[in-house]
Amino acid sequence: QPEDNISVRKILTNSKGIFTEIYVTNHQPIHGYVTGVMNDYFLFFSPVHKLISIPLQHFKWLMPYRENERPYSLKNEEFPLIPISTTSARTFEEQCKRNIGKMAIFDLGKEPKKIGKIISIQNNQVELAIARNQTIFTNLTHVHSASFL
């Protein structure tokens, strides 16, 4: 596993700033570009989902765009390659903990129970207050992607 992460990190680092299509789950591609690679996750910027934190363990594959090709035919002024100026935690869990008290969208919001306010994170469990003020718990290792608002 550790050597797999080294290979994945190298691939992702080499693709920083290149428009790509990535797969995190089997059925949902994400288009955009890698902005940073941390210890156990990477940051991906998409015109649709904005900044997404993705654990390395859930990364499936990446396909670069051809030179001069852009996602959704967006012009440079509509979707520029910009460096992200946020400071990110070294681990995915710490990144999530930094966002306690904020809104989060897990797994691209495919399920309503994966969108809500982070209440706490303990013992690898995320406590999330979803839309109708119901509290649910999600195992952090099962989260494929996270966007924070």
# chains A, B, ... in the order shown; residues from 1 in each chain; ligands from 1
>>> residues_around(residues="A:Arg9", least_positions_apart="6", cutoff="9 Å", atoms="only C-alpha atoms", output="PyMOL selection string")
chain A and resi 37-42+56
>>> residues_around(residues="A:Glu93", least_positions_apart="4", cutoff="8 Å", atoms="only C-alpha atoms", output="ChimeraX atom specification")
/A:97,124,140
>>> write_last_selection(atoms="C-alpha atoms", output="mmCIF file, in the first residue's frame")
data_model
loop_
_atom_site.group_PDB
_atom_site.id
_atom_site.type_symbol
_atom_site.label_atom_id
_atom_site.label_comp_id
_atom_site.auth_asym_id
_atom_site.auth_seq_id
_atom_site.Cartn_x
_atom_site.Cartn_y
_atom_site.Cartn_z
ATOM 1 C CA LYS A 97 -11.291 18.663 11.130
ATOM 2 C CA ASN A 124 -12.708 8.256 12.312
ATOM 3 C CA LEU A 140 -14.296 8.964 7.207
#
>>> residues_around(residues="A:Met63", least_positions_apart="3", cutoff="7 Å", atoms="only C-alpha atoms", output="list in words")
Thr20, Glu21 and Ile22 of chain A
>>> residues_around(residues="A:Ser145", least_positions_apart="5", cutoff="12 Å", atoms="only C-alpha atoms", output="ChimeraX atom specification")
/A:23-25,28,30,41-44,49-59,92-93,95-96,104-110,114-115,140
>>> select_by_dssp(residues="chain A", states="helix (DSSP H, G or I)", output="ChimeraX atom specification")
/A:2-14,56-58,71-73,92-97,107-109,112-114,140-142
>>> closest_atom_pairs(of="stretch 33-54 of chain A", to="stretch 74-79 of chain A", cutoff="12 Å", atoms="only C-alpha atoms", output="tab-separated table")
residue	atom	partner	partner_atom	distance
A:Tyr33	CA	A:Phe79	CA	10.7
A:Phe45	CA	A:Phe79	CA	10.0
A:Ser46	CA	A:Phe79	CA	8.8
A:Pro47	CA	A:Phe79	CA	6.6
A:Val48	CA	A:Phe79	CA	10.3
A:Lys50	CA	A:Phe79	CA	10.5
>>> select_by_dssp(residues="chain A", states="strand (DSSP E or B)", output="PyMOL selection string")
chain A and resi 16+20-25+28-37+41-46+50-55+61-64+103-106+115-122+125-129+135-139+146-148
>>> closest_residue(among="A:Tyr65, A:Glu111, A:His144, A:Lys102", to="A:Leu128", atoms="only C-alpha atoms")
A:Lys102
>>> residues_around(residues="A:Ile100", least_positions_apart="3", cutoff="9 Å", atoms="only C-alpha atoms", output="PyMOL selection string")
chain A and resi 96-97+103+117-121
>>> closest_residue(among="A:Thr91, A:Gly116, A:Pro71, A:Ile11", to="A:Ala131", atoms="only C-alpha atoms")
A:Gly116
>>> atom_distance(atom1="atom CA of A:Arg98", atom2="atom CA of A:Phe148")
9.9 Å
>>> residues_around(residues="A:Phe137", least_positions_apart="5", cutoff="7 Å", atoms="only C-alpha atoms", output="ChimeraX atom specification")
/A:125-128
>>> closest_residue(among="A:Arg90, A:Leu12, A:Asn99, A:Gly36", to="A:Trp61", atoms="only C-alpha atoms")
A:Leu12
>>> closest_residue(among="A:Glu69, A:Pro83, A:Ser147, A:Lys113", to="A:Thr135", atoms="only C-alpha atoms")
A:Lys113
